[in-house]
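Asker: Okay, so here is my_file_34.tsv, and as you'll see once you scroll down, it has TSV, C-alpha atoms.
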chain	number	residue	atom	x	y	z
A	1	MET	CA	7.15	-19.89	-24.43
A	2	ALA	CA	5.49	-18.41	-21.37
A	3	SER	CA	3.91	-15.00	-21.83
A	4	LYS	CA	5.53	-12.01	-20.17
A	5	GLN	CA	4.10	-10.65	-16.96
A	6	LYS	CA	2.58	-7.22	-17.48
A	7	ILE	CA	3.29	-4.16	-15.34
A	8	LEU	CA	1.22	-0.99	-15.50
A	9	ILE	CA	3.30	2.07	-14.53
A	10	VAL	CA	1.21	5.03	-13.39
A	11	ASP	CA	3.25	8.25	-13.05
A	12	ASP	CA	2.83	11.73	-14.54
A	13	ASP	CA	6.61	12.21	-14.55
A	14	ASN	CA	7.46	10.75	-17.94
A	15	HIS	CA	11.19	10.59	-17.19
A	16	ILE	CA	10.65	8.43	-14.11
A	17	ALA	CA	8.06	6.27	-15.84
A	18	GLU	CA	10.31	5.61	-18.84
A	19	LEU	CA	13.24	4.76	-16.57
A	20	ILE	CA	11.15	2.27	-14.60
A	21	SER	CA	9.86	0.79	-17.85
A	22	LEU	CA	13.41	0.38	-19.17
A	23	TYR	CA	14.55	-1.53	-16.09
A	24	LEU	CA	11.47	-3.76	-16.07
A	25	GLU	CA	11.70	-4.57	-19.77
A	26	LYS	CA	15.35	-5.59	-19.27
A	27	GLU	CA	13.95	-8.13	-16.77
A	28	MET	CA	11.56	-9.41	-19.47
A	29	PHE	CA	8.39	-7.72	-18.22
A	30	GLU	CA	5.90	-6.12	-20.58
A	31	THR	CA	5.05	-2.56	-19.53
A	32	LYS	CA	2.53	0.16	-20.23
A	33	ILE	CA	2.60	3.75	-18.94
A	34	ALA	CA	-0.39	5.80	-17.77
A	35	GLU	CA	0.08	9.49	-17.00
A	36	ASP	CA	-3.03	10.18	-14.92
A	37	GLY	CA	-5.67	8.45	-12.84
A	38	ASP	CA	-8.34	8.14	-15.54
A	39	GLU	CA	-5.85	6.68	-18.01
A	40	ALA	CA	-4.67	4.26	-15.31
A	41	LEU	CA	-8.20	2.92	-14.81
A	42	GLU	CA	-8.69	2.64	-18.58
A	43	TYR	CA	-5.44	0.68	-19.02
A	44	PHE	CA	-6.26	-1.45	-15.98
A	45	GLU	CA	-9.19	-2.88	-17.93
A	46	SER	CA	-7.62	-3.02	-21.41
A	47	PHE	CA	-4.04	-4.01	-20.51
A	48	GLN	CA	-4.98	-6.43	-17.66
A	49	PRO	CA	-1.69	-5.97	-15.75
A	50	ASP	CA	-0.26	-8.52	-13.34
A	51	LEU	CA	0.95	-5.69	-11.08
A	52	ILE	CA	0.53	-1.91	-10.87
A	53	LEU	CA	3.18	0.63	-9.88
A	54	LEU	CA	1.04	3.55	-8.74
A	55	ASP	CA	2.28	7.06	-8.02
A	56	LEU	CA	0.17	8.90	-5.45
A	57	MET	CA	0.40	12.46	-6.81
A	58	LEU	CA	-1.46	12.33	-10.13
A	59	PRO	CA	-3.47	14.90	-12.09
A	60	GLY	CA	-7.20	14.33	-11.79
A	61	LYS	CA	-7.83	11.25	-9.69
A	62	ASP	CA	-4.93	10.72	-7.30
A	63	GLY	CA	-3.30	7.39	-6.51
A	64	TYR	CA	-5.45	6.79	-3.45
A	65	GLU	CA	-8.66	7.08	-5.48
A	66	VAL	CA	-7.24	4.89	-8.25
A	67	CYS	CA	-6.25	2.25	-5.69
A	68	ARG	CA	-9.71	2.39	-4.12
A	69	GLU	CA	-11.46	1.87	-7.46
A	70	ILE	CA	-9.17	-0.98	-8.49
A	71	ARG	CA	-9.61	-2.75	-5.15
A	72	ALA	CA	-13.39	-2.57	-5.57
A	73	LYS	CA	-12.99	-4.70	-8.72
A	74	ARG	CA	-10.00	-7.00	-8.32
A	75	ASP	CA	-7.10	-7.91	-6.07
A	76	THR	CA	-4.32	-7.09	-8.56
A	77	PRO	CA	-1.07	-6.36	-6.64
A	78	ILE	CA	-0.32	-2.65	-6.20
A	79	ILE	CA	2.97	-1.04	-5.19
A	80	MET	CA	2.53	2.64	-4.33
A	81	LEU	CA	5.23	5.14	-5.27
A	82	SER	CA	5.45	8.44	-3.42
A	83	ALA	CA	7.76	11.23	-2.38
A	84	LYS	CA	5.73	11.31	0.83
A	85	GLY	CA	7.44	9.28	3.52
A	86	GLU	CA	5.20	10.13	6.45
A	87	THR	CA	3.67	7.28	8.43
A	88	PHE	CA	0.16	8.60	7.76
A	89	ASP	CA	0.60	8.30	4.00
A	90	LYS	CA	2.00	4.78	4.24
A	91	VAL	CA	-0.80	3.65	6.52
A	92	LEU	CA	-3.48	5.17	4.30
A	93	GLY	CA	-2.03	3.42	1.28
A	94	LEU	CA	-1.96	0.08	3.10
A	95	GLU	CA	-5.50	0.58	4.40
A	96	LEU	CA	-6.68	1.03	0.83
A	97	GLY	CA	-5.10	-2.31	-0.10
A	98	ALA	CA	-1.60	-1.57	-1.41
A	99	ASP	CA	0.82	-4.50	-1.17
A	100	ASP	CA	3.94	-2.37	-0.76
A	101	TYR	CA	4.95	1.29	-0.51
A	102	VAL	CA	8.16	2.67	-2.03
A	103	ILE	CA	9.44	6.17	-1.26
A	104	LYS	CA	10.98	8.35	-3.98
A	105	PRO	CA	13.77	8.68	-4.86
A	106	PHE	CA	14.32	4.94	-5.05
A	107	ASP	CA	16.95	2.63	-6.47
A	108	SER	CA	15.63	1.09	-9.69
A	109	LYS	CA	17.17	-2.30	-8.95
A	110	GLU	CA	15.49	-2.36	-5.54
A	111	LEU	CA	12.16	-1.48	-7.14
A	112	VAL	CA	12.51	-4.33	-9.62
A	113	ALA	CA	13.35	-6.68	-6.73
A	114	ARG	CA	10.20	-5.59	-4.89
A	115	VAL	CA	8.11	-6.12	-8.01
A	116	LYS	CA	9.44	-9.66	-8.34
A	117	ALA	CA	8.90	-10.36	-4.63
A	118	VAL	CA	5.26	-9.23	-4.71
A	119	LEU	CA	4.58	-11.22	-7.88
A	120	ARG	CA	6.18	-14.35	-6.38
A	121	ARG	CA	3.90	-14.11	-3.36
A	122	TYR	CA	0.81	-13.23	-5.34
A	123	HIS	CA	1.11	-15.64	-8.26
A	124	ALA	CA	1.94	-18.74	-6.23
A	125	SER	CA	0.88	-22.01	-7.78
A	126	PRO	CA	-2.70	-23.23	-7.24
A	127	ALA	CA	-3.50	-25.57	-4.36
A	128	PRO	CA	-2.51	-29.13	-5.26
A	129	GLN	CA	-5.18	-31.82	-5.54
A	130	VAL	CA	-2.88	-34.36	-3.91
A	131	PRO	CA	-1.89	-35.02	-0.30
A	132	VAL	CA	0.07	-32.18	1.25
A	133	ALA	CA	3.81	-32.56	0.89
A	134	ALA	CA	5.97	-32.93	3.96
A	135	GLY	CA	7.23	-29.58	5.17
A	136	ALA	CA	4.35	-27.58	3.69
A	137	LYS	CA	3.51	-24.46	5.67
A	138	ILE	CA	-0.12	-25.10	6.62
A	139	VAL	CA	-2.13	-24.42	9.76
A	140	GLU	CA	-5.64	-25.75	10.19
A	141	TYR	CA	-8.37	-24.85	12.66
A	142	PRO	CA	-12.14	-25.32	12.58
A	143	ASN	CA	-13.45	-23.38	9.55
A	144	LEU	CA	-9.96	-22.05	8.73
A	145	ILE	CA	-7.05	-23.41	6.69
A	146	VAL	CA	-4.06	-21.16	5.98
A	147	ASN	CA	-1.53	-22.46	3.47
A	148	GLN	CA	1.57	-20.31	3.05
A	149	THR	CA	3.15	-22.81	0.67
A	150	ASN	CA	0.68	-21.98	-2.11
A	151	TYR	CA	-0.70	-18.75	-0.58
A	152	SER	CA	-4.29	-19.88	-0.13
A	153	VAL	CA	-6.85	-19.45	2.63
A	154	ILE	CA	-10.00	-21.51	3.03
A	155	TYR	CA	-12.51	-19.92	5.41
A	156	ASN	CA	-15.89	-21.49	6.15
A	157	GLY	CA	-15.28	-23.93	3.32
A	158	LYS	CA	-14.65	-21.26	0.67
A	159	ASP	CA	-11.50	-19.84	-0.90
A	160	LEU	CA	-10.76	-16.41	0.57
A	161	VAL	CA	-8.87	-13.86	-1.52
A	162	MET	CA	-6.15	-12.30	0.63
A	163	PRO	CA	-3.12	-10.13	-0.23
A	164	PRO	CA	0.26	-11.76	0.49
A	165	LYS	CA	1.20	-9.71	3.56
A	166	GLU	CA	-2.14	-10.36	5.24
A	167	LEU	CA	-1.78	-14.08	4.61
A	168	GLU	CA	1.80	-14.15	5.90
A	169	LEU	CA	0.76	-12.29	9.06
A	170	LEU	CA	-2.19	-14.63	9.66
A	171	TYR	CA	-0.05	-17.72	9.08
A	172	PHE	CA	2.70	-16.46	11.38
A	173	ILE	CA	0.46	-15.86	14.40
A	174	ALA	CA	-1.79	-18.86	13.74
A	175	SER	CA	1.19	-21.20	13.50
A	176	GLN	CA	2.18	-20.21	17.04
A	177	PRO	CA	-1.15	-20.21	18.92
A	178	ASN	CA	-1.49	-18.30	22.20
A	179	GLN	CA	1.95	-16.72	21.82
A	180	VAL	CA	1.95	-12.95	22.19
A	181	PHE	CA	3.91	-10.96	19.61
A	182	THR	CA	4.80	-7.29	19.87
A	183	ARG	CA	4.16	-5.07	16.87
A	184	GLU	CA	7.92	-4.70	16.43
A	185	GLN	CA	8.36	-8.49	16.28
A	186	LEU	CA	5.63	-8.80	13.65
A	187	LEU	CA	7.11	-5.94	11.61
A	188	ASP	CA	10.54	-7.51	11.67
A	189	HIS	CA	9.31	-10.96	10.64
A	190	ILE	CA	6.72	-10.03	8.01
A	191	TRP	CA	7.95	-6.73	6.54
A	192	GLY	CA	11.63	-6.60	7.38
A	193	TYR	CA	13.91	-3.67	7.99
A	194	GLU	CA	12.18	-1.10	5.78
A	195	TYR	CA	9.13	-0.87	8.03
A	196	ILE	CA	10.86	-0.82	11.39
A	197	GLY	CA	9.30	1.87	13.57
A	198	ASP	CA	6.11	2.07	11.51
A	199	THR	CA	4.04	-0.04	13.92
A	200	ARG	CA	0.66	1.13	12.61
A	201	THR	CA	1.33	-1.04	9.58
A	202	VAL	CA	0.62	-4.07	11.78
A	203	ASP	CA	-2.58	-2.52	13.17
A	204	VAL	CA	-3.84	-1.84	9.66
A	205	HIS	CA	-3.30	-5.45	8.54
A	206	ILE	CA	-4.84	-6.91	11.70
A	207	LYS	CA	-7.89	-4.71	11.10
A	208	ARG	CA	-8.17	-5.98	7.53
A	209	LEU	CA	-7.85	-9.60	8.70
A	210	ARG	CA	-10.63	-9.10	11.23
A	211	GLU	CA	-12.89	-7.67	8.54
A	212	LYS	CA	-12.48	-10.89	6.54
A	213	ILE	CA	-12.22	-13.47	9.31
A	214	LYS	CA	-14.57	-13.36	12.27
A	215	ASP	CA	-13.77	-14.90	15.66
A	216	HIS	CA	-14.63	-18.57	16.02
A	217	GLU	CA	-15.83	-20.18	19.24
A	218	THR	CA	-12.51	-22.03	19.49
A	219	TRP	CA	-10.08	-19.41	18.13
A	220	ALA	CA	-9.72	-15.66	17.63
A	221	ILE	CA	-7.25	-12.91	16.76
A	222	ARG	CA	-6.79	-11.08	20.06
A	223	THR	CA	-5.31	-7.72	20.96
A	224	VAL	CA	-3.02	-7.80	23.98
A	225	TRP	CA	-3.28	-4.21	25.14
A	226	GLY	CA	0.00	-2.39	25.45
A	227	ILE	CA	1.92	-5.26	23.83
A	228	GLY	CA	0.62	-6.55	20.51
A	229	TYR	CA	-1.41	-9.48	19.22
A	230	LYS	CA	-1.90	-13.22	19.49
A	231	PHE	CA	-3.90	-15.98	17.82
A	232	GLU	CA	-5.85	-17.31	20.78
A	233	VAL	CA	-6.92	-20.94	20.76
A	234	LYS	CA	-9.18	-22.39	23.45
A	235	ARG	CA	-7.99	-25.66	24.88
A	236	GLY	CA	-10.06	-28.60	25.97
When written as structure tokens, how does the structure in this file appear?
Answerer:
Amino acid sequence: MASKQKILIVDDDNHIAELISLYLEKEMFETKIAEDGDEALEYFESFQPDLILLDLMLPGKDGYEVCREIRAKRDTPIIMLSAKGETFDKVLGLELGADDYVIKPFDSKELVARVKAVLRRYHASPAPQVPVAAGAKIVEYPNLIVNQTNYSVIYNGKDLVMPPKELELLYFIASQPNQVFTREQLLDHIWGYEYIGDTRTVDVHIKRLREKIKDHETWAIRTVWGIGYKFEVKRG
């Protein structure tokens, strides 16, 4: 029997944490609760979670600092939980490497759905060692292969670790070279309704892509000032 996926819940409100744990365990997840930032980092090493639900307002080290320290070690998926709904807080969380951001109060069933969605994207099956199946979502350029079917990126001949949303954004623009997309179009396609209006989310992810993938002589991620972005490919 396959082992249960493990979720680390980090929240100093024990009532909320226990409620989240109850819903997740009903869905056959194994859970562990940390009540502050230091405990979260301790359990991150000992519990080895598949995903972390991370509240921002914690005693001691806050959620931002915890996220920063985890990201310096591994790429474990993180969903931030916060009563703060301001754009600045969302953007800061995404800049630090969060995979999703959920505002309190939230519907427990929706939270469980988001957990499953992030895990599906993150724990996609390894790249097959056989010819690519028909219909696979793959784009290939010199020194760059983006495979959305198994969520892998090969850059300069090496596997590149990339969070799901970054990979989906890169695949989307690279699969339609030289087409300009507005930030609103990218938000709608990659993030869906919950991020409509929060256009800095796109800017943050483009910035993170550019930090990992440098422009090639035949292709580049370009800013189209006043409009949005495109994956530019030189012809000829």
Asker: With all atoms listed in the file as the basis for distance, which of A:Leu56, A:Val180, A:Val66, A:Leu144 is at the shortest distance from Tyr101 of chain A?
Answerer: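 With all atoms listed in the file as the atom set, the closest residue is A:Leu56.
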Asker: With 6 Å as the cut-off and all atoms listed in the file counted, what is the closest atom pair between each nearby residue of segment 38-94 of chain A and segment 2-13 of chain A? Distances in Å to one decimal, ordered by chain and number, as a tab-separated table.
Answerer:
residue	atom	partner	partner_atom	distance
A:Pro49	CA	A:Lys6	CA	4.8
A:Asp50	CA	A:Lys6	CA	5.2
A:Leu51	CA	A:Ile7	CA	5.1
A:Ile52	CA	A:Leu8	CA	4.8
A:Leu53	CA	A:Ile9	CA	4.9
A:Leu54	CA	A:Val10	CA	4.9
A:Asp55	CA	A:Asp11	CA	5.3
Asker: Around the point (4.9, 5.6, -3.1), in the coordinates given by the file, pick out the residues reaching within 6 Å, counting all atoms listed in the file, and return them as a ChimeraX atom specification.
Answerer: /A:55,80-82,101-103
Asker: I'd like the neighbourhood of His205 of chain A as a VMD selection string, where a residue qualifies if any of its atoms comes within 8 Å (using all atoms listed in the file), though same-chain residues fewer than 3 positions away should be ignored.
Answerer: chain A and resid 94 to 95 165 to 166 169 201 to 202 208 to 209
Asker: Rank nothing, just name the residue among A:Leu170, A:Leu160, A:Met57, A:Ile206 nearest to Gln148 of chain A, using only C-alpha atoms.
Answerer: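 When distances to Gln148 of chain A are compared using only C-alpha atoms, the smallest one comes from A:Leu170.
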Asker: Closest to Val224 of chain A among A:Asn150, A:Ser175, A:Gln48, A:Thr182, using all atoms listed in the file?
Answerer: A:Thr182
Asker: Report the distance between atom CA of Lys109 of chain A and atom CA of Ile20 of chain A in Å, rounded to one decimal place.
Answerer: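 Separating atom CA of Lys109 of chain A from atom CA of Ile20 of chain A is a distance of 9.4 Å.
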Asker: What is the atom CA of Val139 of chain A-atom CA of Asn178 of chain A distance in Å, reported with one decimal?
Answerer: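 Those two atoms sit 13.9 Å apart.
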Asker: Please measure the separation of atom CA of Ile79 of chain A and atom CA of Ser152 of chain A, giving the value in Å to one decimal.
Answerer: 20.8 Å
Asker: For Thr76 of chain A, which residue out of A:Val91, A:Leu22, A:Ile154, A:Val161 is the nearest one, using only C-alpha atoms?
Answerer: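 Ranking A:Val91, A:Leu22, A:Ile154, A:Val161 by distance to Thr76 of chain A, first place goes to A:Val161.
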